[in-house]
Amino acid sequence: MGKLNIKPLADRVVIEPAPAEQKTASGIIIPDTAKEKPQKGTVVAVGPGTKDNPVTVKIGDIVIYGKYAGTEFSIEGKDYMIMRESDVIAIV
């Protein structure tokens with residue numbers, strides 16, 4: 001994981017989503033059209049938080065987030081998501 005030149009504001013975090021599953025547990029290969037968006041990823045940048053809500057996740061944490069949370073964007077060919085920390089459901 002290289003240095004990401006983006007600094008989120010307030011209580012936002014930048015997450016690099018985990019790759020989508022290629023196979024089921026029984027070994028069936030999942031085609032691209034049937035793959036679900038991952039809901040797990042690694043935190044790569046965090047904002048400073050707000051006066052009332054400091055950010056509790058840190059860079060390197062693996063987190064689970066809501067299915068429709070955040071905004072997707074790409075930098076240098078890599079996909080990321082930015083979302084409020086409140087959209088993060090759990091730290092794995």
# chains A, B, ... in the order shown; residues from 1 in each chain; ligands from 1
$ residues_around --residues "Pro17 (chain A)" --least-positions-apart "3" --cutoff "8 Å" --atoms "only C-alpha atoms" --output "NGL selection string"
:A and (38-42 or 79-81)
$ write_last_selection --atoms "N, CA and C atoms" --output "PDB file, in the first residue's frame"
ATOM      1  N   PRO A  38     -17.795  -5.482  -2.661  1.00  0.00           N
ATOM      2  CA  PRO A  38     -17.322  -5.849  -1.319  1.00  0.00           C
ATOM      3  C   PRO A  38     -17.798  -4.827  -0.291  1.00  0.00           C
ATOM      4  N   GLN A  39     -18.008  -5.294   0.927  1.00  0.00           N
ATOM      5  CA  GLN A  39     -18.401  -4.409   2.019  1.00  0.00           C
ATOM      6  C   GLN A  39     -17.309  -4.377   3.076  1.00  0.00           C
ATOM      7  N   LYS A  40     -16.099  -4.720   2.662  1.00  0.00           N
ATOM      8  CA  LYS A  40     -14.966  -4.767   3.581  1.00  0.00           C
ATOM      9  C   LYS A  40     -13.798  -4.112   2.876  1.00  0.00           C
ATOM     10  N   GLY A  41     -12.950  -3.436   3.627  1.00  0.00           N
ATOM     11  CA  GLY A  41     -11.786  -2.810   3.033  1.00  0.00           C
ATOM     12  C   GLY A  41     -10.809  -2.339   4.085  1.00  0.00           C
ATOM     13  N   THR A  42      -9.721  -1.736   3.614  1.00  0.00           N
ATOM     14  CA  THR A  42      -8.652  -1.255   4.475  1.00  0.00           C
ATOM     15  C   THR A  42      -8.657   0.273   4.489  1.00  0.00           C
ATOM     16  N   ASP A  79      -9.117   1.956  -7.175  1.00  0.00           N
ATOM     17  CA  ASP A  79     -10.432   2.368  -6.692  1.00  0.00           C
ATOM     18  C   ASP A  79     -10.421   2.549  -5.177  1.00  0.00           C
ATOM     19  N   TYR A  80     -11.091   3.598  -4.735  1.00  0.00           N
ATOM     20  CA  TYR A  80     -11.221   3.909  -3.313  1.00  0.00           C
ATOM     21  C   TYR A  80     -12.649   4.330  -3.023  1.00  0.00           C
ATOM     22  N   MET A  81     -12.980   4.392  -1.748  1.00  0.00           N
ATOM     23  CA  MET A  81     -14.257   4.927  -1.307  1.00  0.00           C
ATOM     24  C   MET A  81     -13.989   5.932  -0.197  1.00  0.00           C
TER      25      MET A  81
END
$ residues_around --residues "region 61-65 of chain A" --least-positions-apart "2" --cutoff "8 Å" --atoms "only C-alpha atoms" --output "PDB file with N, CA and C atoms, in the first residue's frame"
ATOM      1  N   GLN A  39     -18.008  -5.294   0.927  1.00  0.00           N
ATOM      2  CA  GLN A  39     -18.401  -4.409   2.019  1.00  0.00           C
ATOM      3  C   GLN A  39     -17.309  -4.377   3.076  1.00  0.00           C
ATOM      4  N   LYS A  40     -16.099  -4.720   2.662  1.00  0.00           N
ATOM      5  CA  LYS A  40     -14.966  -4.767   3.581  1.00  0.00           C
ATOM      6  C   LYS A  40     -13.798  -4.112   2.876  1.00  0.00           C
ATOM      7  N   GLY A  41     -12.950  -3.436   3.627  1.00  0.00           N
ATOM      8  CA  GLY A  41     -11.786  -2.810   3.033  1.00  0.00           C
ATOM      9  C   GLY A  41     -10.809  -2.339   4.085  1.00  0.00           C
ATOM     10  N   THR A  42      -9.721  -1.736   3.614  1.00  0.00           N
ATOM     11  CA  THR A  42      -8.652  -1.255   4.475  1.00  0.00           C
ATOM     12  C   THR A  42      -8.657   0.273   4.489  1.00  0.00           C
ATOM     13  N   VAL A  43      -8.579   0.849   5.680  1.00  0.00           N
ATOM     14  CA  VAL A  43      -8.533   2.303   5.822  1.00  0.00           C
ATOM     15  C   VAL A  43      -7.158   2.788   5.374  1.00  0.00           C
ATOM     16  N   VAL A  57     -11.195   5.140  13.982  1.00  0.00           N
ATOM     17  CA  VAL A  57     -10.458   4.195  13.131  1.00  0.00           C
ATOM     18  C   VAL A  57      -9.114   4.800  12.781  1.00  0.00           C
ATOM     19  N   LYS A  58      -8.157   3.946  12.437  1.00  0.00           N
ATOM     20  CA  LYS A  58      -6.825   4.438  12.074  1.00  0.00           C
ATOM     21  C   LYS A  58      -6.372   3.771  10.781  1.00  0.00           C
ATOM     22  N   ILE A  59      -5.376   4.335  10.170  1.00  0.00           N
ATOM     23  CA  ILE A  59      -4.840   3.802   8.919  1.00  0.00           C
ATOM     24  C   ILE A  59      -4.387   2.360   9.142  1.00  0.00           C
ATOM     25  N   LYS A  67     -23.624  -1.325   2.789  1.00  0.00           N
ATOM     26  CA  LYS A  67     -23.660  -1.703   1.377  1.00  0.00           C
ATOM     27  C   LYS A  67     -23.732  -0.495   0.447  1.00  0.00           C
ATOM     28  N   ALA A  69     -22.923   2.718   1.366  1.00  0.00           N
ATOM     29  CA  ALA A  69     -22.194   3.819   2.005  1.00  0.00           C
ATOM     30  C   ALA A  69     -21.118   4.376   1.091  1.00  0.00           C
ATOM     31  N   ASP A  87     -20.500   5.649   8.819  1.00  0.00           N
ATOM     32  CA  ASP A  87     -20.912   4.614   7.876  1.00  0.00           C
ATOM     33  C   ASP A  87     -20.115   3.330   8.050  1.00  0.00           C
ATOM     34  N   VAL A  88     -19.042   3.388   8.829  1.00  0.00           N
ATOM     35  CA  VAL A  88     -18.249   2.195   9.131  1.00  0.00           C
ATOM     36  C   VAL A  88     -18.977   1.434  10.237  1.00  0.00           C
ATOM     37  N   ILE A  89     -19.254   0.169   9.978  1.00  0.00           N
ATOM     38  CA  ILE A  89     -20.051  -0.628  10.913  1.00  0.00           C
ATOM     39  C   ILE A  89     -19.175  -1.289  11.977  1.00  0.00           C
ATOM     40  N   ALA A  90     -17.993  -1.803  11.570  1.00  0.00           N
ATOM     41  CA  ALA A  90     -17.153  -2.537  12.510  1.00  0.00           C
ATOM     42  C   ALA A  90     -15.710  -2.548  12.046  1.00  0.00           C
ATOM     43  N   ILE A  91     -14.806  -2.735  13.004  1.00  0.00           N
ATOM     44  CA  ILE A  91     -13.398  -2.974  12.720  1.00  0.00           C
ATOM     45  C   ILE A  91     -13.168  -4.464  12.881  1.00  0.00           C
ATOM     46  N   VAL A  92     -12.578  -5.091  11.866  1.00  0.00           N
ATOM     47  CA  VAL A  92     -12.372  -6.560  11.893  1.00  0.00           C
ATOM     48  C   VAL A  92     -11.084  -6.861  12.630  1.00  0.00           C
TER      49      VAL A  92
END
$ select_by_dssp --residues "region 4-61 of chain A" --states "strand (DSSP E or B)" --output "ChimeraX atom specification"
/A:12-17,23,29,40-46
$ write_last_selection --atoms "N, CA and C atoms" --output "PDB file, in the first residue's frame"
ATOM      1  N   ARG A  12     -14.348  12.072   7.912  1.00  0.00           N
ATOM      2  CA  ARG A  12     -14.381  11.162   6.767  1.00  0.00           C
ATOM      3  C   ARG A  12     -13.136  10.271   6.734  1.00  0.00           C
ATOM      4  N   VAL A  13     -13.317   9.085   6.146  1.00  0.00           N
ATOM      5  CA  VAL A  13     -12.225   8.135   5.997  1.00  0.00           C
ATOM      6  C   VAL A  13     -12.181   7.663   4.546  1.00  0.00           C
ATOM      7  N   VAL A  14     -10.983   7.336   4.071  1.00  0.00           N
ATOM      8  CA  VAL A  14     -10.806   6.773   2.729  1.00  0.00           C
ATOM      9  C   VAL A  14     -10.487   5.293   2.902  1.00  0.00           C
ATOM     10  N   ILE A  15     -11.220   4.466   2.152  1.00  0.00           N
ATOM     11  CA  ILE A  15     -11.092   3.014   2.268  1.00  0.00           C
ATOM     12  C   ILE A  15     -10.758   2.424   0.911  1.00  0.00           C
ATOM     13  N   GLU A  16      -9.804   1.500   0.900  1.00  0.00           N
ATOM     14  CA  GLU A  16      -9.513   0.724  -0.310  1.00  0.00           C
ATOM     15  C   GLU A  16     -10.311  -0.570  -0.196  1.00  0.00           C
ATOM     16  N   PRO A  17     -11.360  -0.734  -1.022  1.00  0.00           N
ATOM     17  CA  PRO A  17     -12.195  -1.932  -0.910  1.00  0.00           C
ATOM     18  C   PRO A  17     -11.409  -3.209  -1.178  1.00  0.00           C
ATOM     19  N   LYS A  23     -14.525 -16.924  -6.241  1.00  0.00           N
ATOM     20  CA  LYS A  23     -15.119 -18.257  -6.137  1.00  0.00           C
ATOM     21  C   LYS A  23     -15.983 -18.329  -4.897  1.00  0.00           C
ATOM     22  N   ILE A  29     -16.921 -20.748  -9.701  1.00  0.00           N
ATOM     23  CA  ILE A  29     -16.375 -19.457 -10.132  1.00  0.00           C
ATOM     24  C   ILE A  29     -17.524 -18.495 -10.384  1.00  0.00           C
ATOM     25  N   LYS A  40     -16.099  -4.720   2.662  1.00  0.00           N
ATOM     26  CA  LYS A  40     -14.966  -4.767   3.581  1.00  0.00           C
ATOM     27  C   LYS A  40     -13.798  -4.112   2.876  1.00  0.00           C
ATOM     28  N   GLY A  41     -12.950  -3.436   3.627  1.00  0.00           N
ATOM     29  CA  GLY A  41     -11.786  -2.810   3.033  1.00  0.00           C
ATOM     30  C   GLY A  41     -10.809  -2.339   4.085  1.00  0.00           C
ATOM     31  N   THR A  42      -9.721  -1.736   3.614  1.00  0.00           N
ATOM     32  CA  THR A  42      -8.652  -1.255   4.475  1.00  0.00           C
ATOM     33  C   THR A  42      -8.657   0.273   4.489  1.00  0.00           C
ATOM     34  N   VAL A  43      -8.579   0.849   5.680  1.00  0.00           N
ATOM     35  CA  VAL A  43      -8.533   2.303   5.822  1.00  0.00           C
ATOM     36  C   VAL A  43      -7.158   2.788   5.374  1.00  0.00           C
ATOM     37  N   VAL A  44      -7.132   3.738   4.418  1.00  0.00           N
ATOM     38  CA  VAL A  44      -5.862   4.247   3.909  1.00  0.00           C
ATOM     39  C   VAL A  44      -5.630   5.721   4.267  1.00  0.00           C
ATOM     40  N   ALA A  45      -6.674   6.432   4.713  1.00  0.00           N
ATOM     41  CA  ALA A  45      -6.521   7.823   5.142  1.00  0.00           C
ATOM     42  C   ALA A  45      -7.685   8.180   6.054  1.00  0.00           C
ATOM     43  N   VAL A  46      -7.420   9.010   7.054  1.00  0.00           N
ATOM     44  CA  VAL A  46      -8.476   9.454   7.972  1.00  0.00           C
ATOM     45  C   VAL A  46      -8.404  10.966   8.154  1.00  0.00           C
TER      46      VAL A  46
END
$ residues_around --residues "Pro48 (chain A)" --least-positions-apart "5" --cutoff "9 Å" --atoms "only C-alpha atoms" --output "short mmCIF file (atom, residue, chain, number, x, y, z; two decimals) with N, CA and C atoms, in the first residue's frame"
data_model
loop_
_atom_site.label_atom_id
_atom_site.label_comp_id
_atom_site.auth_asym_id
_atom_site.auth_seq_id
_atom_site.Cartn_x
_atom_site.Cartn_y
_atom_site.Cartn_z
N PRO A 8 -8.71 13.43 3.84
CA PRO A 8 -10.13 13.65 4.04
C PRO A 8 -10.39 14.72 5.10
N LEU A 9 -11.51 15.41 4.97
CA LEU A 9 -11.89 16.45 5.92
C LEU A 9 -12.81 15.90 6.99
N ALA A 10 -12.81 16.56 8.13
CA ALA A 10 -13.70 16.26 9.26
C ALA A 10 -13.65 14.79 9.64
N ASP A 11 -14.82 14.13 9.71
CA ASP A 11 -14.88 12.75 10.18
C ASP A 11 -14.94 11.74 9.04
N ARG A 12 -14.35 12.07 7.91
CA ARG A 12 -14.38 11.16 6.77
C ARG A 12 -13.14 10.27 6.73
N PRO A 54 -14.29 12.69 17.66
CA PRO A 54 -12.96 12.35 17.15
C PRO A 54 -13.04 11.03 16.36
N VAL A 55 -12.17 10.87 15.39
CA VAL A 55 -12.14 9.67 14.56
C VAL A 55 -11.50 8.53 15.37
#
$ atom_distance --atom1 "CA of Thr33 (chain A)" --atom2 "CA of Glu72 (chain A)"
18.7 Å
$ closest_residue --among "A:Gly60, A:Ser26, A:Pro19, A:Lys7" --to "Lys78 (chain A)" --atoms "only C-alpha atoms"
A:Pro19
$ atom_distance --atom1 "CA of Gly77 (chain A)" --atom2 "CA of Ile6 (chain A)"
14.6 Å
$ select_by_dssp --residues "chain A" --states "helix (DSSP H, G or I)" --output "compact mmCIF listing (two decimals) with C-alpha atoms, in the first residue's frame"
# COMPACT_ATOMS: atom_id res chain seq x y z
CA ASP A 32 -18.22 -10.62 -13.25
CA THR A 33 -21.91 -9.84 -13.76
CA ALA A 34 -22.89 -11.70 -10.57
CA GLU A 85 -16.81 7.30 9.93
CA SER A 86 -20.40 6.72 11.06
CA ASP A 87 -20.91 4.61 7.88
$ closest_residue --among "A:Glu76, A:Thr71, A:Ile30, A:Thr56" --to "Leu4 (chain A)" --atoms "only C-alpha atoms"
A:Glu76
